[in-house]
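Okay, structure first, notes after.
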Amino acid sequence: MTDYKDTVYLPKTDFSMRAGLPTKEPQILKLWEEINLFKKLREQRKNSEPFILHDGPPYANGYLHIGHALNKIIKDVINRSQSMLGKNANYVPGWDCHGLPIEWKIEENYRKKKKNKDDIPIVEFRKECRDFAAKWMDVQSEEFQRLGVYGDWEDPYSTMKYESEAIIMSEIGKFLMNGSLYRGIKPVMWSPVEKTALAEAEIEYHDHISTTIFARFPVVKTSSDIISDFEIIIWTTTPWTMPGNRAVAYGKDIDYSLIEVTDVGENSLAKIGDKIIIAKELMADVMKEISVLSFNSSITLKGSDFAGTILAHPLNNYGYEHEVLLLEAEFVTTDQGTGFVHIAPGHGADDFELGRQNNLPIPETVSDNGILNSDLPLLGGLRVLKDNEIIADIMHKHNALIGRGRLNHSYPHSWRSKAPLVFRTTPQWFISMTTTNLRDTSLKALSQTTFYPPQGQNRLTKMIEDRPDWCISRQRAWGVPLAIFVNKKTQEPLRDQEVIDRIVEVFKTDGADAWFEKPSSFFLGSKYNPDDYEAVTDIADVWFDSGSTHSFVLEERDDLFWPASLYLEGTDQHRGWFHSSLLESCGTRGRAPYDAVLTHGFVLDQQGRKMSKSLGNITAPQKVINEFGADILRLWVVGSDYYDDLRIGKEILIRHSDHYRRLRNTLRYLLGALNEFDEKEKINFTEMPELEQWVLHRVSELSVKIQENTEKFNLHDIYLDIHNFCTIDLSAFYFDIRKDTLYCEDSSSVERKSCRTVMDILFKSLTTWLAPIICFTAEEAWQSRYKDSENSVHLQTYFKGDKNWKNDELGKKWSDIRELRSFVTTSIEEKRKVGILGSSLQAKVLIEANEESFKVLQDVNLPEIFICSDVHMDLNRNLSETKIKVNIELASGGKCMRCWKIVPEVKNNIELCNRCTKVLKFN
RNA sequence: AGGCGCGUAGCUCAGUUGGUUAGAGCGCACGACUGAUAAUCGUGAGGUCGGCAGUUCAAAUCUGCCCGUGCCUACCA
């Protein structure tokens with residue numbers, strides 16, 4: 001017997017079956033670097049329609065986590081796919097550099113060296129922050145590039161570049177000039193020891209003993225006569241907030257008892273005959289606490305009965321003559337106290353909010369070192385944390401209390417000084433939502449923005465509707481200073497464009513440090529006397545920085561455009577970057593800085609739990625890259641529904657690797673089949689067999705779909721379509737059927753040449769379709785074929801099918817054929833199960849078809865489609881419901897030693913079928 | 001606690017305006033091939049569509065409640 005293996009055109013390629021991505025990907029990155037791919041693409045597309053995905057800046061303070069990877073991969077796939085549409089998708093990555101976390105890190109270093117932050121000159125401190133951010137920018141840049149993310153890594157943007165700081169200040173200036181930037185006050189956690197505001201994360205809770213008081217608020221005016229001579233009793237652990245009291249809150253559904261005291265204990269501050277009101281549920285506890293021995297309480301009222309009542313301050317007769325409103329509030333509970341809550345709008349979050357809603361005044365009663373203002377009657381000059389016993393004494397002396405005590409409870413302290421904190425109102429700078437109609441402008445801008453997914457619009461809209469004015473000042477060091485002068489006399493900020501311009505110009509050349517280095521006179525010029533003005537030392541909220549990126553990146557750079565085509569971030573950025581950018585841009589330019597917004601979900605572990613160090617369920621992108629490769633991570637992204645939260649874990653990554661293998665082997669098979677393909681082989685569409693025409697019909701169908709889905713950023717659908725196409729249409733159908741043609745047919749035959757023409761189209765289609773997704777593998781396959789490193793796959797555009805290829809009728813016909821084919825494969829399998837045959841080539845397929853099926857199959861080369869050796873089909877008009885009946889027999893004849901079909905002509909000493917004999921004769 | 005979401009086979013996902021027996025790929029099991037070979041092909045088993053209650057001739061799909069879960073409500077980004 002002769003071995004005919006050498007006469008068969010077996011697939012041949014150097015594109016390996018196993019990928020070895022972790023080692024191969026860096027080589028491909030190097031190749032791209034060598035040919036300067038990104039620049040080359042910019043040059044090639046410089047006159048094309050721009051697509052600007054404006055990068056939301058990550059914070060430069062650590063290694064990348066999987067969320068960063070997710071975000072940048074989606075961005076990259078979108079950029080690359082837009083590029084595949086022929087657009088100029090220039091992408092400039094950036095970093096957010098200012099802010100508290102970096103300050104903390106630098107401070108932490110100081111603490112280790114036992115240095116005090118306050119002893120370091122601010123400019124020196126800022127320099128260290130700057131160096132720290134610069135270092136992490138480099139680290140993250142490397143990591144992003146390893147993911148395959150392409151962009152202008154040589155010239156990225158950052159919020160701390162001098163030009164950026166200058167423009168940020170110039171943007172602040174716009175708000176200053178248009179009158180929407182104003183000075184107001186806001187309660188913050190304040191450390192009297194460090195004389196600074198603290199962030200939530202800088203606060204730790206320790207036990208603290210507080211003086212508690214039960215204070216009397218006489219009813220002054222009420223619609224409910226029955227309570228007119230009663231006193232409302234509140235309980236508080238912060239007596240020092242009493243000067244700031246402007247209201248008392250009740251719960252509308254709480255039951256309150258009207259109580260008359262009839263007997264009291266020896267040291268009780270209560271007196272017989274006192275008429276007081278407290279929550280019914282707390283009556284027993286309170287009476288015991290204030291040593292009331294007996295009392296009458298026959299009447300119960302609902303909180304809602306108190307609406308409209310006005311009280312007097314407990315020290316009403318000693319200088320605190322203002323009205324105290326009795327207000328309804330949801331946060332009132334009967335867990336503790338009296339069921340009434342004393343409201344000092346300057347000294348608590350709930351208090352402030354309730355005060356704001358009811359237009360209460362917000363008195364500033366405490367100075368920055370924690371001392372009650374000296375002009376306060378009776379209590380001026382006392383210390384808020386240490387003198388509460390004295391405050392209680394004074395109040396008692398003036399008949400303002402009905403009880404007092406002490407309480408050991410958990411209380412906020414500074415993590416630096418360990419000293420207790422207070423809530424205090426401080427002057428802050430706000431951008432008004434109303435004076436320039438910023439809210440309305442923003443809402444209108446949102447209605448003109450496209451959201452992916454659409455729910456985002458709703459979410460952002462709700463936030464803009466409800467949000468208060470934007471507080472943009474921070475009492476910190478590492479940021480863009482609010483370079484504003486305040487007139488000492490009028491307390492009005494100086495609004496002079498000349499001064500602002502002078503500041504901006506200096507920031508451009510010297511950076512924002514100039515604000516701390518140069519004297520006021522330098523900025524004020526000759527027009528103003530520096531002695532008349534105080535320079536603000538606050539810095540800007542970092543959200544203002546990043547909210548301004550559109551101005552110093554999109555507007556300032558020649559290679560970008562304003563507004564952006566797309567902003568794309570995690571769903572948390574509804575509150576963050578989408579939000580601040582919208583406000584900033586609407587406030588200065590009257591519209592959103594983006595045409596569209598895309599949000600993705602968060603990454604969870606395999607069980608759907610959030611990732612945390614304590615659970616030990618963190619998947620690090622670096623680890624995935626080293627074990628699987630970046631292309632697998634990229635496949636994970638597009639293989640997931642990233643509009644929702646995504647899960648990741650070992651099994652999930654393995655599953656995606658399985659999918660990857662299918663794609664890789666499809667490319668590999670194409671490469672093998674196209675070995676030594678010559679353009680001259682190409683066959684015209686109309687001359688191709690119907691099967692080839694059908695494949696091209698599918699290509700054109702898919703091509704349109706991919707085009708549309710790219711325009712809608714529907715990466716997930718693109719991927720599903722490609723994968724299903726490779727698996728169902730190609731591997732399990734077209735490739736399987738055409739093996740005989742490809743391997744055994746005469747190389748000059750129309751059939752084989754048609755097949756290879758189609759294979760060529762498939763290769764170009766798949767590599768360009770896949771290039772945005774598995775950017776490394778697509779390049780590897782492309783280079784494996786064309787061996788022309790200058791001509792990267794990423795310089796191409798999507799392969800587009802010829803319009804003539806689309807033929808829905810043909811599509812329908814072949815999907816019918818495939819349905820009938822599945823009856824045949826099932827029947828063959830049954831025979832295989834019982835050992836009658838192995839290879840389907842051993843089979844002769846006998847078909848009885850109803851009229852409809854007969855019509856579909858009659859002019860089809862059935863042995864080819866069924867991959868069997870013989871088919872006999874009869875029309876059976878009696879079948880109607882059943883489309884076809886299939887029977888399988890062994891084909892008669894001998895096995896051709898070359899193509900392995902069973903044919904009658906192979907017998908005795910004849911080894912080859914007629915076809916193979918003919919093929920060999922001409923070669 | 002409120003605002004915005006999510007919950008379909010072991011995994012990743014499809015499921016049109018409610019309309020036959022809820023689909024695909026991977027994995028798994030079994031088998032075939034040994035000329036895509038750590039590949040390829042075929043067959044098959046997997047689901048009370050988170051739960052309960054409604055609306056309807058008909059619910060994965062609409063409504064309500066519940067359960068689970070994520071993001072947001074920070075001088076974090």
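Identifiers in the structure tokens: chain A, B, ... in order shown; residue index from 1 per chain; ligand index from 1 in order shown.
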
Compute the chain B side of the contact with chain A at 10 Å, counting only C-alpha atoms (C1' of nucleotides), and hand it back as JSON, numbers by chain. {"B": [1, 3, 4, 5, 6, 10, 11, 12, 13, 14, 24, 25, 26, 27, 30, 31, 32, 33, 35, 36, 38, 39, 40, 41, 42, 43, 69, 70, 71, 72, 73, 74, 75, 76, 77]}

I'd like the contact shell of Tyr162 (chain A) - 10 Å cut-off, only C-alpha atoms (C1' of nucleotides), skipping same-chain residues fewer than 6 positions apart - returned as JSON, numbers by chain. {"A": [168, 504, 506, 507, 508, 509, 510, 511, 512, 513]}

Preceding selection exported with C-alpha atoms as a CSV table (one decimal), in the first residue's frame:
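Full text of part_15.csv as output:
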chain,number,residue,atom,x,y,z
A,168,ILE,CA,-7.7,74.7,36.4
A,504,VAL,CA,-2.8,81.9,35.5
A,506,VAL,CA,2.5,82.5,36.4
A,507,PHE,CA,1.0,79.1,37.1
A,508,LYS,CA,1.8,78.1,33.6
A,509,THR,CA,5.4,78.7,34.0
A,510,ASP,CA,6.0,78.1,37.7
A,511,GLY,CA,3.2,75.8,38.6
A,512,ALA,CA,0.6,76.5,41.3
A,513,ASP,CA,3.3,76.6,43.9

Just want the 7 Å neighbourhood of Val92 (chain A), counted on only C-alpha atoms (C1' of nucleotides), with same-chain residues fewer than 5 positions away dropped. Output as a PyMOL selection string. chain A and resi 55+151-152+156-157

Distance query Ala771 (chain A) at most 9 Å, only C-alpha atoms (C1' of nucleotides), self and fewer than 3 positions along chain excluded, as a PDB file with C-alpha atoms, in the first residue's frame:
ATOM      1  CA  VAL A  77     -11.293  47.828  22.556  1.00  0.00           C
ATOM      2  CA  ARG A  80      -9.292  50.123  18.381  1.00  0.00           C
ATOM      3  CA  SER A  81     -12.694  49.214  17.004  1.00  0.00           C
ATOM      4  CA  MET A  84     -11.244  49.820  12.519  1.00  0.00           C
ATOM      5  CA  LEU A 766     -11.605  37.575  11.372  1.00  0.00           C
ATOM      6  CA  THR A 767      -8.254  39.200  12.002  1.00  0.00           C
ATOM      7  CA  THR A 768      -9.613  42.706  11.562  1.00  0.00           C
ATOM      8  CA  ILE A 774      -7.432  40.063  21.150  1.00  0.00           C
ATOM      9  CA  CYS A 775      -5.029  42.646  19.837  1.00  0.00           C
ATOM     10  CA  PHE A 776      -1.917  40.512  20.343  1.00  0.00           C
ATOM     11  CA  THR A 777      -3.197  37.314  18.796  1.00  0.00           C
ATOM     12  CA  ALA A 778      -4.696  39.146  15.830  1.00  0.00           C
ATOM     13  CA  GLU A 779      -1.319  40.726  15.162  1.00  0.00           C
ATOM     14  CA  VAL A 793      -3.222  44.592  11.474  1.00  0.00           C
ATOM     15  CA  HIS A 794      -3.969  47.612  13.619  1.00  0.00           C
TER      16      HIS A 794
END

Residues within 9 Å of region 47-55 of chain B, please, as an MDAnalysis selection string. Count only C-alpha atoms (C1' of nucleotides); anything in the same chain fewer than 3 positions from it doesn't count. chainID B and resid 7:9 22 60 62:68

Best match for closeness to Met177 (chain A) among A:Gly587, A:His322, A:Met433, A:Ser16, counting only C-alpha atoms: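 Checking each of A:Gly587, A:His322, A:Met433, A:Ser16 against Met177 (chain A), counting only C-alpha atoms, the winner is A:Gly587.
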
Secondary structure check, strand (DSSP E or B) residues of region 3-183 of chain A, as number ranges by chain: A: 50, 53-54, 59, 88, 94-96, 157-158, 181-183

Next, write the just-selected residues to a file, as a PDB file, in the first residue's frame, keeping N, CA, C and O atoms as the atom set.
ATOM      1  N   PRO A  50     -12.622  62.298  13.486  1.00  0.00           N
ATOM      2  CA  PRO A  50     -12.052  61.993  14.805  1.00  0.00           C
ATOM      3  C   PRO A  50     -13.044  61.250  15.700  1.00  0.00           C
ATOM      4  O   PRO A  50     -14.253  61.449  15.614  1.00  0.00           O
ATOM      5  N   LEU A  53     -12.244  59.456  22.684  1.00  0.00           N
ATOM      6  CA  LEU A  53     -12.610  58.888  23.983  1.00  0.00           C
ATOM      7  C   LEU A  53     -11.704  59.593  24.986  1.00  0.00           C
ATOM      8  O   LEU A  53     -10.497  59.382  24.999  1.00  0.00           O
ATOM      9  N   HIS A  54     -12.294  60.434  25.801  1.00  0.00           N
ATOM     10  CA  HIS A  54     -11.473  61.179  26.763  1.00  0.00           C
ATOM     11  C   HIS A  54     -11.273  60.320  28.013  1.00  0.00           C
ATOM     12  O   HIS A  54     -12.228  59.875  28.625  1.00  0.00           O
ATOM     13  N   TYR A  59      -6.158  57.459  39.711  1.00  0.00           N
ATOM     14  CA  TYR A  59      -5.387  58.142  40.741  1.00  0.00           C
ATOM     15  C   TYR A  59      -4.009  57.511  40.839  1.00  0.00           C
ATOM     16  O   TYR A  59      -3.887  56.291  40.927  1.00  0.00           O
ATOM     17  N   ASN A  88     -10.186  58.411  13.227  1.00  0.00           N
ATOM     18  CA  ASN A  88      -8.948  58.769  13.902  1.00  0.00           C
ATOM     19  C   ASN A  88      -9.221  58.769  15.407  1.00  0.00           C
ATOM     20  O   ASN A  88      -9.678  59.763  15.968  1.00  0.00           O
ATOM     21  N   GLY A  94      -4.465  59.771  30.939  1.00  0.00           N
ATOM     22  CA  GLY A  94      -4.114  60.793  31.914  1.00  0.00           C
ATOM     23  C   GLY A  94      -4.172  60.292  33.343  1.00  0.00           C
ATOM     24  O   GLY A  94      -4.586  59.157  33.593  1.00  0.00           O
ATOM     25  N   TRP A  95      -3.710  61.148  34.247  1.00  0.00           N
ATOM     26  CA  TRP A  95      -3.719  60.791  35.676  1.00  0.00           C
ATOM     27  C   TRP A  95      -4.213  61.927  36.541  1.00  0.00           C
ATOM     28  O   TRP A  95      -3.986  63.091  36.250  1.00  0.00           O
ATOM     29  N   ASP A  96      -4.855  61.512  37.599  1.00  0.00           N
ATOM     30  CA  ASP A  96      -5.295  62.417  38.634  1.00  0.00           C
ATOM     31  C   ASP A  96      -4.218  62.398  39.708  1.00  0.00           C
ATOM     32  O   ASP A  96      -3.876  61.325  40.211  1.00  0.00           O
ATOM     33  N   TYR A 157      -1.619  63.167  29.779  1.00  0.00           N
ATOM     34  CA  TYR A 157      -1.920  64.383  30.554  1.00  0.00           C
ATOM     35  C   TYR A 157      -1.910  64.047  32.036  1.00  0.00           C
ATOM     36  O   TYR A 157      -2.004  62.879  32.414  1.00  0.00           O
ATOM     37  N   SER A 158      -1.750  65.063  32.847  1.00  0.00           N
ATOM     38  CA  SER A 158      -1.898  64.863  34.280  1.00  0.00           C
ATOM     39  C   SER A 158      -2.420  66.149  34.881  1.00  0.00           C
ATOM     40  O   SER A 158      -2.206  67.226  34.330  1.00  0.00           O
ATOM     41  N   LEU A 181     -19.441  81.539  41.982  1.00  0.00           N
ATOM     42  CA  LEU A 181     -18.572  81.101  43.068  1.00  0.00           C
ATOM     43  C   LEU A 181     -18.756  82.038  44.253  1.00  0.00           C
ATOM     44  O   LEU A 181     -18.584  83.249  44.119  1.00  0.00           O
ATOM     45  N   TYR A 182     -19.142  81.500  45.376  1.00  0.00           N
ATOM     46  CA  TYR A 182     -19.404  82.356  46.534  1.00  0.00           C
ATOM     47  C   TYR A 182     -18.863  81.707  47.799  1.00  0.00           C
ATOM     48  O   TYR A 182     -18.560  80.522  47.816  1.00  0.00           O
ATOM     49  N   ARG A 183     -18.721  82.516  48.849  1.00  0.00           N
ATOM     50  CA  ARG A 183     -18.237  81.982  50.105  1.00  0.00           C
ATOM     51  C   ARG A 183     -19.418  81.699  51.008  1.00  0.00           C
ATOM     52  O   ARG A 183     -20.259  82.570  51.239  1.00  0.00           O
TER      53      ARG A 183
END

As a ChimeraX atom specification, please: all residues of region 221-423 of chain A that backbone DSSP puts in alpha helix (DSSP H). /A:283-289,349-357,388-397

Serialized selection, N, CA, C and O atoms, as a short mmCIF file (atom, residue, chain, number, x, y, z; two decimals), in the first residue's frame:
data_model
loop_
_atom_site.label_atom_id
_atom_site.label_comp_id
_atom_site.auth_asym_id
_atom_site.auth_seq_id
_atom_site.Cartn_x
_atom_site.Cartn_y
_atom_site.Cartn_z
N MET A 283 -40.33 57.78 78.91
CA MET A 283 -40.77 58.48 80.13
C MET A 283 -40.11 57.90 81.38
O MET A 283 -39.51 58.62 82.18
N ALA A 284 -40.21 56.60 81.55
CA ALA A 284 -39.72 55.97 82.78
C ALA A 284 -38.21 56.21 82.94
O ALA A 284 -37.76 56.61 84.02
N ASP A 285 -37.49 56.00 81.86
CA ASP A 285 -36.03 56.18 81.90
C ASP A 285 -35.65 57.61 82.29
O ASP A 285 -34.81 57.83 83.15
N VAL A 286 -36.30 58.55 81.64
CA VAL A 286 -35.94 59.96 81.86
C VAL A 286 -36.30 60.39 83.27
O VAL A 286 -35.52 61.05 83.96
N MET A 287 -37.46 59.98 83.73
CA MET A 287 -37.90 60.38 85.08
C MET A 287 -36.89 59.90 86.11
O MET A 287 -36.57 60.61 87.07
N LYS A 288 -36.39 58.70 85.89
CA LYS A 288 -35.40 58.16 86.80
C LYS A 288 -34.11 58.97 86.71
O LYS A 288 -33.52 59.37 87.73
N GLU A 289 -33.74 59.24 85.51
CA GLU A 289 -32.49 59.96 85.24
C GLU A 289 -32.48 61.35 85.87
O GLU A 289 -31.46 61.80 86.37
N ALA A 349 -24.41 67.02 60.93
CA ALA A 349 -24.83 66.84 59.54
C ALA A 349 -26.34 66.90 59.42
O ALA A 349 -26.89 67.63 58.59
N ASP A 350 -27.03 66.16 60.29
CA ASP A 350 -28.49 66.18 60.28
C ASP A 350 -29.00 67.58 60.60
O ASP A 350 -29.94 68.08 59.96
N ASP A 351 -28.36 68.19 61.59
CA ASP A 351 -28.76 69.52 62.02
C ASP A 351 -28.64 70.51 60.86
O ASP A 351 -29.54 71.32 60.62
N PHE A 352 -27.53 70.42 60.15
CA PHE A 352 -27.26 71.35 59.06
C PHE A 352 -28.31 71.19 57.96
O PHE A 352 -28.86 72.16 57.45
N GLU A 353 -28.59 69.94 57.65
CA GLU A 353 -29.52 69.64 56.57
C GLU A 353 -30.92 70.14 56.93
O GLU A 353 -31.59 70.79 56.14
N LEU A 354 -31.33 69.83 58.16
CA LEU A 354 -32.66 70.27 58.61
C LEU A 354 -32.72 71.79 58.62
O LEU A 354 -33.73 72.39 58.22
N GLY A 355 -31.64 72.41 59.07
CA GLY A 355 -31.57 73.86 59.11
C GLY A 355 -31.69 74.45 57.71
O GLY A 355 -32.41 75.42 57.49
N ARG A 356 -31.00 73.81 56.78
CA ARG A 356 -31.02 74.28 55.41
C ARG A 356 -32.44 74.21 54.82
O ARG A 356 -32.93 75.14 54.21
N GLN A 357 -33.09 73.07 55.11
CA GLN A 357 -34.44 72.88 54.58
C GLN A 357 -35.42 73.91 55.14
O GLN A 357 -36.41 74.24 54.51
N ASN A 388 -17.45 71.59 79.48
CA ASN A 388 -18.88 71.28 79.45
C ASN A 388 -19.52 71.22 80.84
O ASN A 388 -20.69 71.56 81.01
N GLU A 389 -18.74 70.82 81.84
CA GLU A 389 -19.28 70.83 83.20
C GLU A 389 -19.60 72.27 83.61
O GLU A 389 -20.64 72.54 84.21
N ILE A 390 -18.69 73.19 83.25
CA ILE A 390 -18.91 74.59 83.58
C ILE A 390 -20.14 75.13 82.85
O ILE A 390 -20.97 75.84 83.42
N ILE A 391 -20.25 74.73 81.58
CA ILE A 391 -21.43 75.16 80.80
C ILE A 391 -22.71 74.67 81.47
O ILE A 391 -23.68 75.42 81.63
N ALA A 392 -22.66 73.41 81.90
CA ALA A 392 -23.84 72.84 82.57
C ALA A 392 -24.13 73.59 83.87
O ALA A 392 -25.29 73.89 84.19
N ASP A 393 -23.06 73.92 84.61
CA ASP A 393 -23.25 74.69 85.85
C ASP A 393 -23.95 76.01 85.57
O ASP A 393 -24.91 76.39 86.25
N ILE A 394 -23.42 76.70 84.57
CA ILE A 394 -23.98 78.02 84.25
C ILE A 394 -25.44 77.89 83.82
O ILE A 394 -26.31 78.64 84.26
N MET A 395 -25.70 76.91 83.00
CA MET A 395 -27.09 76.74 82.54
C MET A 395 -28.00 76.40 83.72
O MET A 395 -29.12 76.90 83.83
N HIS A 396 -27.49 75.56 84.60
CA HIS A 396 -28.29 75.20 85.78
C HIS A 396 -28.59 76.44 86.62
O HIS A 396 -29.72 76.67 87.04
N LYS A 397 -27.55 77.23 86.81
CA LYS A 397 -27.69 78.45 87.61
C LYS A 397 -28.77 79.35 87.02
O LYS A 397 -29.43 80.08 87.73
#

All residues 8 Å or closer to Glu534 (chain A), only C-alpha atoms (C1' of nucleotides), same chain fewer than 4 positions away omitted, as a VMD selection string: chain A and resid 485 to 488 530

Quick one: pull the distance between CA of Ile120 (chain A) and CA of Leu482 (chain A), Å, one decimal. 20.8 Å
